[in-house]
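Structure file final-v9.cif with mmCIF, C-alpha atoms and all ligand atoms:
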```cif
data_structure
#
loop_
_atom_site.label_atom_id
_atom_site.label_comp_id
_atom_site.auth_asym_id
_atom_site.auth_seq_id
_atom_site.Cartn_x
_atom_site.Cartn_y
_atom_site.Cartn_z
CA MET A 185 139.73 65.04 279.20
CA ARG A 186 141.76 66.26 282.16
CA ARG A 187 138.58 66.69 284.25
CA LEU A 188 138.49 62.87 284.32
CA ARG A 189 141.98 62.78 285.77
CA ARG A 190 141.61 65.64 288.22
CA ASN A 191 142.62 63.95 291.45
CA PRO A 192 143.29 60.44 292.80
CA GLN A 193 139.65 59.95 293.86
CA THR A 194 138.35 60.71 290.40
CA ARG A 195 140.97 58.55 288.78
CA GLU A 196 140.13 55.63 291.04
CA LEU A 197 136.41 56.00 290.35
CA LEU A 198 137.07 55.90 286.63
CA ARG A 199 139.74 53.21 286.56
CA GLU A 200 138.90 50.59 283.93
CA THR A 201 141.29 47.80 284.83
CA TRP A 202 142.46 46.46 288.18
CA LEU A 203 145.06 43.96 289.19
CA ARG A 204 143.64 41.65 291.83
CA LEU A 205 145.22 39.05 294.04
CA GLU A 206 142.65 36.61 292.62
CA ASP A 207 144.21 37.01 289.17
CA LEU A 208 147.64 35.76 290.13
CA VAL A 209 149.21 32.33 289.79
CA ALA A 210 152.59 31.84 291.47
CA PRO A 211 155.19 29.66 289.76
CA VAL A 212 157.40 27.58 292.07
CA PHE A 213 160.67 25.78 291.31
CA ILE A 214 161.06 22.52 293.20
CA LYS A 215 164.24 20.51 293.66
CA PRO A 216 164.68 17.15 295.40
CA PRO A 217 164.22 17.03 299.20
CA GLY A 218 167.06 18.09 301.52
CA GLY A 219 169.43 21.01 301.53
CA GLU A 220 168.74 24.70 301.41
CA PRO A 221 166.73 26.84 298.98
CA GLU A 222 168.98 28.23 296.22
CA GLU A 223 168.30 31.60 294.72
CA VAL A 224 168.19 31.57 290.91
CA GLY A 225 171.08 33.83 289.91
CA SER A 226 169.20 35.60 287.14
CA MET A 227 165.92 35.89 289.09
CA PRO A 228 166.31 37.92 292.30
CA GLY A 229 164.13 36.62 295.13
CA VAL A 230 163.13 33.45 293.23
CA PHE A 231 164.36 30.20 294.73
CA ARG A 232 164.64 26.55 293.88
CA TYR A 233 163.06 25.03 296.98
CA PRO A 234 163.76 21.53 298.28
CA LEU A 235 160.43 19.69 298.16
CA GLU A 236 159.60 20.02 301.89
CA ARG A 237 160.40 23.75 301.81
CA ALA A 238 158.32 24.19 298.66
CA VAL A 239 155.33 22.83 300.56
CA GLU A 240 155.96 25.36 303.36
CA GLU A 241 156.33 28.14 300.86
CA CYS A 242 153.02 27.20 299.19
CA GLN A 243 151.40 27.22 302.64
CA ARG A 244 152.75 30.70 303.27
CA TRP A 245 151.58 31.94 299.89
CA ALA A 246 148.14 30.38 300.36
CA SER A 247 147.84 32.14 303.71
CA LEU A 248 148.52 35.41 301.89
CA GLY A 249 145.64 34.70 299.55
CA ILE A 250 147.37 33.05 296.58
CA ARG A 251 144.84 30.71 294.96
CA ALA A 252 147.02 28.81 292.52
CA VAL A 253 150.60 27.68 292.05
CA ALA A 254 152.33 26.41 288.91
CA LEU A 255 154.95 23.78 289.65
CA PHE A 256 158.26 23.43 287.83
CA PRO A 257 160.58 20.59 288.83
CA VAL A 258 164.36 20.98 288.83
CA ILE A 259 165.48 17.50 287.83
CA PRO A 260 169.10 16.53 288.61
CA PRO A 261 171.09 15.86 285.41
CA GLU A 262 171.66 12.20 286.27
CA PHE A 263 167.91 11.55 285.80
CA LYS A 264 167.78 13.10 282.34
CA ASP A 265 168.05 11.20 279.09
CA HIS A 266 167.30 11.55 275.39
CA GLU A 267 163.65 10.53 275.73
CA GLY A 268 162.92 12.10 279.09
CA THR A 269 161.99 8.67 280.52
CA TYR A 270 162.04 9.93 284.10
CA ALA A 271 158.89 11.96 283.37
CA LEU A 272 156.81 8.78 283.62
CA ASN A 273 158.51 7.44 286.74
CA PRO A 274 155.66 7.02 289.26
CA GLU A 275 157.93 8.25 292.06
CA SER A 276 159.30 11.24 290.16
CA LEU A 277 160.08 14.49 291.95
CA THR A 278 157.21 16.09 290.02
CA LEU A 279 154.56 13.60 291.09
CA ASN A 280 155.83 13.54 294.68
CA ALA A 281 155.68 17.33 294.76
CA ILE A 282 152.08 17.36 293.53
CA ARG A 283 151.12 14.77 296.14
CA ALA A 284 152.84 16.62 298.97
CA ILE A 285 151.27 19.98 298.12
CA ARG A 286 147.87 18.40 297.49
CA GLN A 287 147.99 16.78 300.91
CA ALA A 288 149.10 19.92 302.75
CA LEU A 289 146.76 22.25 300.87
CA PRO A 290 143.62 20.50 299.61
CA GLU A 291 142.11 23.76 298.34
CA LEU A 292 145.08 25.27 296.52
CA VAL A 293 144.76 25.01 292.73
CA ILE A 294 147.78 23.13 291.40
CA VAL A 295 148.74 23.95 287.82
CA MET A 296 151.15 21.41 286.39
CA ASP A 297 153.23 21.97 283.28
CA VAL A 298 153.12 19.11 280.79
CA ALA A 299 156.27 18.99 278.65
CA LEU A 300 159.45 16.97 278.54
CA ASP A 301 162.10 19.69 278.83
CA PRO A 302 162.75 19.21 282.57
CA TYR A 303 163.51 15.55 281.86
CA THR A 304 165.42 15.51 278.56
CA SER A 305 169.21 15.65 278.33
CA HIS A 306 169.00 18.06 275.37
CA GLY A 307 166.35 20.38 276.86
CA HIS A 308 163.75 19.99 274.12
CA ASP A 309 160.08 19.69 275.06
CA GLY A 310 159.71 16.49 273.09
CA ILE A 311 161.62 13.50 271.76
CA PRO A 312 163.91 14.29 268.81
CA ARG A 313 164.45 11.73 266.04
CA GLU A 314 167.94 10.96 264.78
CA ASP A 315 167.68 13.80 262.23
CA GLY A 316 166.83 16.35 264.93
CA TRP A 317 163.12 16.66 264.14
CA VAL A 318 161.11 16.55 267.36
CA ASP A 319 158.72 13.66 266.82
CA ASN A 320 155.21 15.09 267.26
CA ASP A 321 153.07 12.02 267.72
CA ARG A 322 155.50 10.06 269.85
CA THR A 323 155.84 13.07 272.12
CA VAL A 324 152.07 13.53 272.34
CA GLU A 325 151.70 9.92 273.44
CA VAL A 326 154.15 10.40 276.29
CA LEU A 327 152.60 13.72 277.27
CA SER A 328 149.14 12.17 277.47
CA ARG A 329 150.45 9.55 279.88
CA LEU A 330 152.28 12.21 281.86
CA ALA A 331 149.13 14.33 282.16
CA VAL A 332 147.18 11.36 283.54
CA LEU A 333 149.89 10.66 286.13
CA GLN A 334 149.83 14.31 287.15
CA ALA A 335 146.05 14.31 287.46
CA GLU A 336 146.21 11.13 289.50
CA ALA A 337 148.77 12.73 291.82
CA GLY A 338 146.38 15.63 292.41
CA ALA A 339 146.97 18.32 289.78
CA ASP A 340 143.85 20.42 289.16
CA TRP A 341 144.91 21.95 285.86
CA VAL A 342 147.35 20.33 283.48
CA ALA A 343 149.13 22.85 281.32
CA PRO A 344 150.71 21.49 278.14
CA SER A 345 153.57 23.86 277.33
CA ASP A 346 155.17 21.82 274.55
CA MET A 347 153.42 23.17 271.42
CA MET A 348 153.08 19.77 269.76
CA ASP A 349 150.10 19.47 267.42
CA GLY A 350 147.06 17.57 268.65
CA ARG A 351 148.20 17.32 272.25
CA VAL A 352 145.19 19.01 273.81
CA GLN A 353 142.77 16.55 272.26
CA ALA A 354 144.97 13.57 273.11
CA ILE A 355 145.36 14.72 276.70
CA ARG A 356 141.60 15.39 277.06
CA GLU A 357 140.78 11.91 275.80
CA SER A 358 143.34 10.26 278.07
CA LEU A 359 142.12 12.18 281.10
CA ASP A 360 138.49 11.31 280.38
CA ASP A 361 139.31 7.65 279.75
CA ALA A 362 141.10 7.52 283.10
CA GLY A 363 138.11 9.14 284.84
CA PHE A 364 139.65 12.57 285.41
CA ILE A 365 136.70 14.42 283.97
CA ASN A 366 137.22 17.40 286.28
CA THR A 367 140.87 17.95 285.53
CA SER A 368 141.12 21.09 283.43
CA ILE A 369 143.46 21.85 280.57
CA LEU A 370 145.16 25.22 280.57
CA ALA A 371 146.76 25.17 277.13
CA TYR A 372 149.89 27.15 276.45
CA ALA A 373 148.01 27.98 273.29
CA ALA A 374 150.14 30.76 271.85
CA LYS A 375 153.64 30.07 273.05
CA PHE A 376 156.37 31.82 271.16
CA ASN A 377 159.93 30.78 270.42
CA SER A 378 161.18 33.46 272.76
CA ALA A 379 164.53 34.56 274.14
CA TYR A 380 162.69 35.76 277.26
CA TYR A 381 162.76 32.20 278.65
CA GLY A 382 166.51 32.45 279.36
CA PRO A 383 166.41 32.82 283.16
CA PHE A 384 163.80 30.04 283.47
CA ARG A 385 166.09 27.64 281.64
CA ASP A 386 168.78 28.64 284.12
CA ALA A 387 166.40 27.88 286.95
CA ILE A 388 165.45 24.36 285.85
CA GLY A 389 168.83 23.53 284.34
CA SER A 390 167.51 22.93 280.82
CA LYS A 391 169.90 25.59 279.55
CA LYS A 392 172.96 23.69 280.70
CA ALA A 393 171.42 20.56 279.22
CA ALA A 394 171.27 22.31 275.88
CA GLY A 395 174.95 23.37 275.87
CA SER A 396 176.48 26.75 275.21
CA THR A 397 174.07 28.14 272.60
CA TYR A 398 170.50 29.24 273.31
CA LEU A 399 168.31 26.28 272.46
CA ASP A 400 166.12 27.08 269.48
CA LYS A 401 162.62 25.64 269.76
CA GLY A 402 161.46 27.17 266.48
CA GLN A 403 160.34 23.77 265.11
CA TYR A 404 157.41 23.76 267.49
CA GLN A 405 157.08 27.11 269.29
CA LEU A 406 155.48 30.00 267.40
CA ASP A 407 157.47 32.41 265.27
CA PRO A 408 157.50 35.81 267.06
CA ALA A 409 156.68 37.43 263.72
CA ASN A 410 153.34 35.61 263.25
CA PRO A 411 150.21 36.99 264.90
CA ARG A 412 147.72 35.28 262.54
CA GLN A 413 149.33 31.90 262.98
CA ALA A 414 149.32 32.42 266.75
CA VAL A 415 145.57 33.02 266.81
CA MET A 416 144.98 30.02 264.55
CA ASP A 417 147.08 27.78 266.77
CA ALA A 418 145.30 28.98 269.90
CA LEU A 419 141.84 28.49 268.44
CA ILE A 420 142.76 24.93 267.44
CA ASP A 421 143.56 24.26 271.11
CA ALA A 422 140.13 25.63 271.98
CA GLU A 423 138.48 23.31 269.44
CA GLU A 424 140.45 20.38 270.79
CA GLY A 425 138.95 20.97 274.23
CA ALA A 426 141.19 23.37 276.10
CA ASP A 427 139.37 24.93 279.06
CA MET A 428 141.63 27.99 279.17
CA LEU A 429 144.13 29.49 276.77
CA MET A 430 147.47 31.02 277.60
CA VAL A 431 149.67 33.52 275.80
CA LYS A 432 153.37 33.37 276.55
CA PRO A 433 155.42 35.51 276.98
CA GLY A 434 152.89 38.13 278.06
CA GLY A 435 154.25 41.65 277.88
CA PRO A 436 155.90 41.41 274.44
CA TYR A 437 152.74 39.78 273.01
CA LEU A 438 149.93 42.03 274.19
CA ASP A 439 148.62 42.20 270.63
CA ILE A 440 148.08 38.43 270.67
CA LEU A 441 146.27 38.59 274.00
CA HIS A 442 144.04 41.30 272.67
CA ARG A 443 143.31 39.46 269.42
CA LEU A 444 142.43 36.33 271.35
CA ARG A 445 140.25 38.33 273.72
CA LEU A 446 138.23 39.35 270.67
CA SER A 447 138.14 35.85 269.13
CA THR A 448 137.19 33.63 272.06
CA ASP A 449 135.18 33.78 275.27
CA LEU A 450 137.33 31.17 276.99
CA PRO A 451 139.29 32.40 280.01
CA LEU A 452 142.68 33.75 279.00
CA ALA A 453 145.92 33.52 280.92
CA ALA A 454 149.12 35.43 280.32
CA TYR A 455 152.49 34.16 281.45
CA GLN A 456 154.77 37.00 282.47
CA VAL A 457 157.89 34.95 281.89
CA SER A 458 161.25 34.89 283.60
CA GLY A 459 162.95 37.35 281.23
CA GLU A 460 160.20 39.92 281.73
CA PHE A 461 160.66 39.59 285.50
CA SER A 462 164.45 39.70 285.35
CA GLN A 463 164.69 42.74 283.13
CA ILE A 464 162.59 44.82 285.52
CA HIS A 465 164.82 43.74 288.39
CA ALA A 466 167.98 44.43 286.43
CA ALA A 467 166.93 47.91 285.36
CA ALA A 468 165.76 48.73 288.89
CA ARG A 469 169.10 47.59 290.28
CA MET A 470 170.85 49.89 287.86
CA GLY A 471 168.65 52.69 289.15
CA TRP A 472 167.15 53.10 285.68
CA LEU A 473 163.54 52.16 286.49
CA ASP A 474 161.41 52.49 289.60
CA TYR A 475 160.91 48.88 290.68
CA ARG A 476 157.42 48.86 292.10
CA SER A 477 155.69 51.11 289.65
CA THR A 478 157.26 49.33 286.66
CA ARG A 479 156.28 45.97 288.09
CA ASP A 480 152.67 47.03 288.66
CA GLU A 481 152.40 48.65 285.25
CA SER A 482 153.74 45.51 283.57
CA LEU A 483 151.01 43.43 285.21
CA LEU A 484 148.23 45.92 284.61
CA ALA A 485 149.12 45.95 280.91
CA LEU A 486 148.36 42.23 280.76
CA LYS A 487 144.95 42.76 282.35
CA ARG A 488 144.20 45.65 280.00
CA ALA A 489 145.05 43.54 276.96
CA GLY A 490 142.56 40.89 278.09
CA ALA A 491 144.14 38.45 280.53
CA ASP A 492 141.91 36.96 283.22
CA LEU A 493 144.81 35.23 284.92
CA ILE A 494 148.48 36.06 285.19
CA LEU A 495 151.31 33.70 285.96
CA SER A 496 154.00 35.88 287.44
CA TYR A 497 157.09 35.51 289.61
CA PHE A 498 155.97 38.74 291.29
CA ALA A 499 152.84 37.03 292.63
CA PRO A 500 154.02 36.10 296.17
CA GLU A 501 155.51 39.52 296.78
CA ILE A 502 152.37 41.29 295.59
CA ALA A 503 150.23 39.00 297.73
CA ALA A 504 152.38 39.90 300.74
CA GLU A 505 151.97 43.61 300.01
CA ILE A 506 148.21 43.30 299.65
CA ALA A 507 148.00 41.22 302.84
CA ALA A 508 150.01 43.91 304.66
CA GLY A 509 147.47 46.46 303.40
CA ASN A 510 149.75 48.49 301.20
CA GLY A 511 149.05 47.01 297.79
CA ASN A 512 147.55 48.91 294.89
CA GLY A 513 144.96 46.21 294.19
C1 LIG A 601 158.96 24.61 278.97
C2 LIG A 601 158.60 25.85 279.64
C3 LIG A 601 159.33 27.04 279.49
C4 LIG A 601 158.73 27.97 280.33
C5 LIG A 601 157.66 27.35 280.98
N1 LIG A 601 157.57 26.03 280.52
C6 LIG A 601 160.56 27.36 278.74
C7 LIG A 601 160.76 26.92 277.38
O1 LIG A 601 159.82 26.70 276.59
O2 LIG A 601 161.93 26.78 277.04
C8 LIG A 601 159.24 29.36 280.47
C9 LIG A 601 158.81 30.14 281.62
C10 LIG A 601 159.61 31.35 281.90
O3 LIG A 601 160.50 31.77 281.13
O4 LIG A 601 159.34 31.94 282.96
N2 LIG A 601 158.04 23.74 278.55
#
```
For this file, write the structure as structure tokens.
Ligand code: PBG
Amino acid sequence: MRRLRRNPQTRELLRETWLRLEDLVAPVFIKPPGGEPEEVGSMPGVFRYPLERAVEECQRWASLGIRAVALFPVIPPEFKDHEGTYALNPESLTLNAIRAIRQALPELVIVMDVALDPYTSHGHDGIPREDGWVDNDRTVEVLSRLAVLQAEAGADWVAPSDMMDGRVQAIRESLDDAGFINTSILAYAAKFNSAYYGPFRDAIGSKKAAGSTYLDKGQYQLDPANPRQAVMDALIDAEEGADMLMVKPGGPYLDILHRLRLSTDLPLAAYQVSGEFSQIHAAARMGWLDYRSTRDESLLALKRAGADLILSYFAPEIAAEIAAGNGNG
């Protein structure tokens, strides 16, 4: 076998998987206009950008070759309540951000998360009843309206990340009824109840909203122990009309990506989540891992397992490296 690995030229000729700039989707955290960008403490180099700066940042990323951004609003606590009412405010930060980016960058693909956690005072993705059970159908109704508002504002792909049952079908029907036949649904199809979301919840402030213990979303997000259930759940999203399926987190769930790759021909996305990003940074800072090679390997693993697209906080930096001509891609 070592003849196949003899020198770099041979290895490149025989390489089976590549990471390409075209595969990457860059998440962006957006706070209300005014003020300075704030670095997220647990995510080195990742900022919460005031709206106008977020637009500039998207312009910069697009000029580096980034094709898609995924927007995450940082909603000030005074706008949050039990039901996440602010989500449907026609002048919300979220909708204004979509409009501003759409206007500045007509070609950039805007991926917009559909869930209530940025807007709820407790940090859940849906509306809890008195007894604590997150009400599935009531939540789905709100999410369907939210998705239509986001499409109207200019989102290309709506990405339900809530894990309620039946939401993909409800959102598809609402979009079609409102005439948004070309708005795609990227379903967070296999989203696990993961501890790797910690730094993200820091970034959007849903962690503080939830109090001092890590908010458990086990009522609706998948059990990390359940690969068969994950595939079932994802294939239901496909039947309901999802255009693309996502696995999240990515790196710890490569088996799920691979199983889905074998069970569907729909495009697959992997979300390399905040905790995956932060742990590479942390270990590199300690001098325990080589930053760049670990980063690249972590992304390549997602491609190898079957991802077509990767949402990653590393995306802008990798785009900059490729643009400067020293990337590996
Ligand atoms: C919430 C949502 C989460 C992420 C994206 N959308 C967190 C959660 O479910 O609590 C996590 C992303 C990341 O960790 O990078 N709907």
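Across the structure, atom CA of Ala418 of chain A and atom CA of Asn366 of chain A are spaced 21.6 Å apart.
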Excluding Pro451 of chain A and its own-chain neighbours fewer than 4 positions away, which residues fall within 12 Å of it when counting all atoms listed in the file? Please give them as a short mmCIF file (atom, residue, chain, number, x, y, z; two decimals) with C-alpha atoms, in the frame of the given file.
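File result-v6.cif, as written:
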```
data_model
loop_
_atom_site.label_atom_id
_atom_site.label_comp_id
_atom_site.auth_asym_id
_atom_site.auth_seq_id
_atom_site.Cartn_x
_atom_site.Cartn_y
_atom_site.Cartn_z
CA ASP A 207 144.21 37.01 289.17
CA SER A 368 141.12 21.09 283.43
CA ILE A 369 143.46 21.85 280.57
CA LEU A 370 145.16 25.22 280.57
CA ALA A 371 146.76 25.17 277.13
CA ALA A 373 148.01 27.98 273.29
CA ALA A 422 140.13 25.63 271.98
CA ALA A 426 141.19 23.37 276.10
CA ASP A 427 139.37 24.93 279.06
CA MET A 428 141.63 27.99 279.17
CA LEU A 429 144.13 29.49 276.77
CA MET A 430 147.47 31.02 277.60
CA VAL A 431 149.67 33.52 275.80
CA LEU A 441 146.27 38.59 274.00
CA LEU A 444 142.43 36.33 271.35
CA ARG A 445 140.25 38.33 273.72
CA LEU A 446 138.23 39.35 270.67
CA SER A 447 138.14 35.85 269.13
CA GLY A 490 142.56 40.89 278.09
CA ALA A 491 144.14 38.45 280.53
CA ASP A 492 141.91 36.96 283.22
CA LEU A 493 144.81 35.23 284.92
CA ILE A 494 148.48 36.06 285.19
#
```
Practice task
Throw together the list of residues within 9 Å of ligand LIG 601 (chain A), counting all atoms listed in the file, and drop it here as a VMD selection string.
Solution key: chain A and resid 211 256 297 to 302 307 to 309 344 to 347 372 375 to 385 390 to 391 399 to 401 405 432 to 433 455 to 461 495 to 497
Exercise for the section: Tell me which of A:Val230, A:Ala467, A:Val352, A:Leu292 sits closest to Ile388 of chain A, counting only C-alpha atoms. Expected result: A:Val230
Handout entry: Nearby residues, (144.3, 27.9, 291.7) file frame, 9 Å, all atoms listed in the file, as a ChimeraX atom specification
Key = /A:206,208-209,250-254,291-295,340-341
Exercise for the section: Quote the spacing between atom CA of Leu197 of chain A and atom CA of Ile440 of chain A in Å to one decimal place. Expected result: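 One can read the atom CA of Leu197 of chain A to atom CA of Ile440 of chain A distance as 28.8 Å.
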Practice task
Determine the nearest neighbour of Ala508 of chain A from the options A:Ala288, A:Asn273, A:Leu248, A:Ser305, counting all atoms listed in the file.
Solution key: A:Leu248
Exercise for the section: Do a neighbour search on Ala281 of chain A at 9 Å with all atoms listed in the file, toss out local chain neighbours closer than 6 positions, and write the hits as a ChimeraX atom specification. Expected result: /A:214,235-236,238-239,255,257,337
Exercise for the section: Have a look at atom CA of Ala499 of chain A and atom CA of Arg232 of chain A and let me know their distance in Å, one decimal. Expected result: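 A separation of 15.8 Å between them.
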Point (168.0, 10.8, 285.0), cut-off 12 Å, counting all atoms listed in the file, residues as a compact mmCIF listing (two decimals) with C-alpha atoms, in the coordinates of the input:
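Full text of part.txt as output:
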```txt
# COMPACT_ATOMS: atom_id res chain seq x y z
CA VAL A 258 164.36 20.98 288.83
CA ILE A 259 165.48 17.50 287.83
CA PRO A 260 169.10 16.53 288.61
CA PRO A 261 171.09 15.86 285.41
CA GLU A 262 171.66 12.20 286.27
CA PHE A 263 167.91 11.55 285.80
CA LYS A 264 167.78 13.10 282.34
CA ASP A 265 168.05 11.20 279.09
CA HIS A 266 167.30 11.55 275.39
CA GLU A 267 163.65 10.53 275.73
CA GLY A 268 162.92 12.10 279.09
CA THR A 269 161.99 8.67 280.52
CA TYR A 270 162.04 9.93 284.10
CA ALA A 271 158.89 11.96 283.37
CA LEU A 272 156.81 8.78 283.62
CA ASN A 273 158.51 7.44 286.74
CA SER A 276 159.30 11.24 290.16
CA LEU A 277 160.08 14.49 291.95
CA PRO A 302 162.75 19.21 282.57
CA TYR A 303 163.51 15.55 281.86
CA THR A 304 165.42 15.51 278.56
CA SER A 305 169.21 15.65 278.33
CA ALA A 393 171.42 20.56 279.22
```
Exercise for the section: Have a look at A:Ile464, A:Met470, A:Asp421, A:Ala387 and name the one nearest to Leu450 of chain A; count all atoms listed in the file. Expected result: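 Among A:Ile464, A:Met470, A:Asp421, A:Ala387, it is A:Asp421 that comes nearest to Leu450 of chain A.
Using all atoms listed in the file, the shortest contact distance between Ala489 of chain A and any of A:Glu220, A:Glu240, A:Asp439, A:Glu275 is found at A:Asp439.
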Practice task
Go through A:Ala284, A:Ala504, A:Ile355, A:Val318 one by one, measure the shortest atom-to-atom distance of each to Gly338 of chain A using only C-alpha atoms, and give the residue with the smallest value.
Solution key: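 Of the candidates, the smallest distance to Gly338 of chain A is held by A:Ala284.
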Handout entry: Residues within 7 Å of Tyr233 of chain A, all atoms listed in the file, excluding chain neighbours under 3 positions, as a list in words
Key =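 Contacts, in chain order: Phe213, Ile214, Lys215, Pro221, Glu222, Arg237 and Ala238 of chain A.
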Practice task
Choose the residue, out of A:Ser477, A:Gln403, A:Gln353, A:Ser358, that has the smallest atom-to-atom separation from Gly425 of chain A; count all atoms listed in the file.
Solution key: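 Answer, going by the shortest atom-to-atom distance: A:Gln353.
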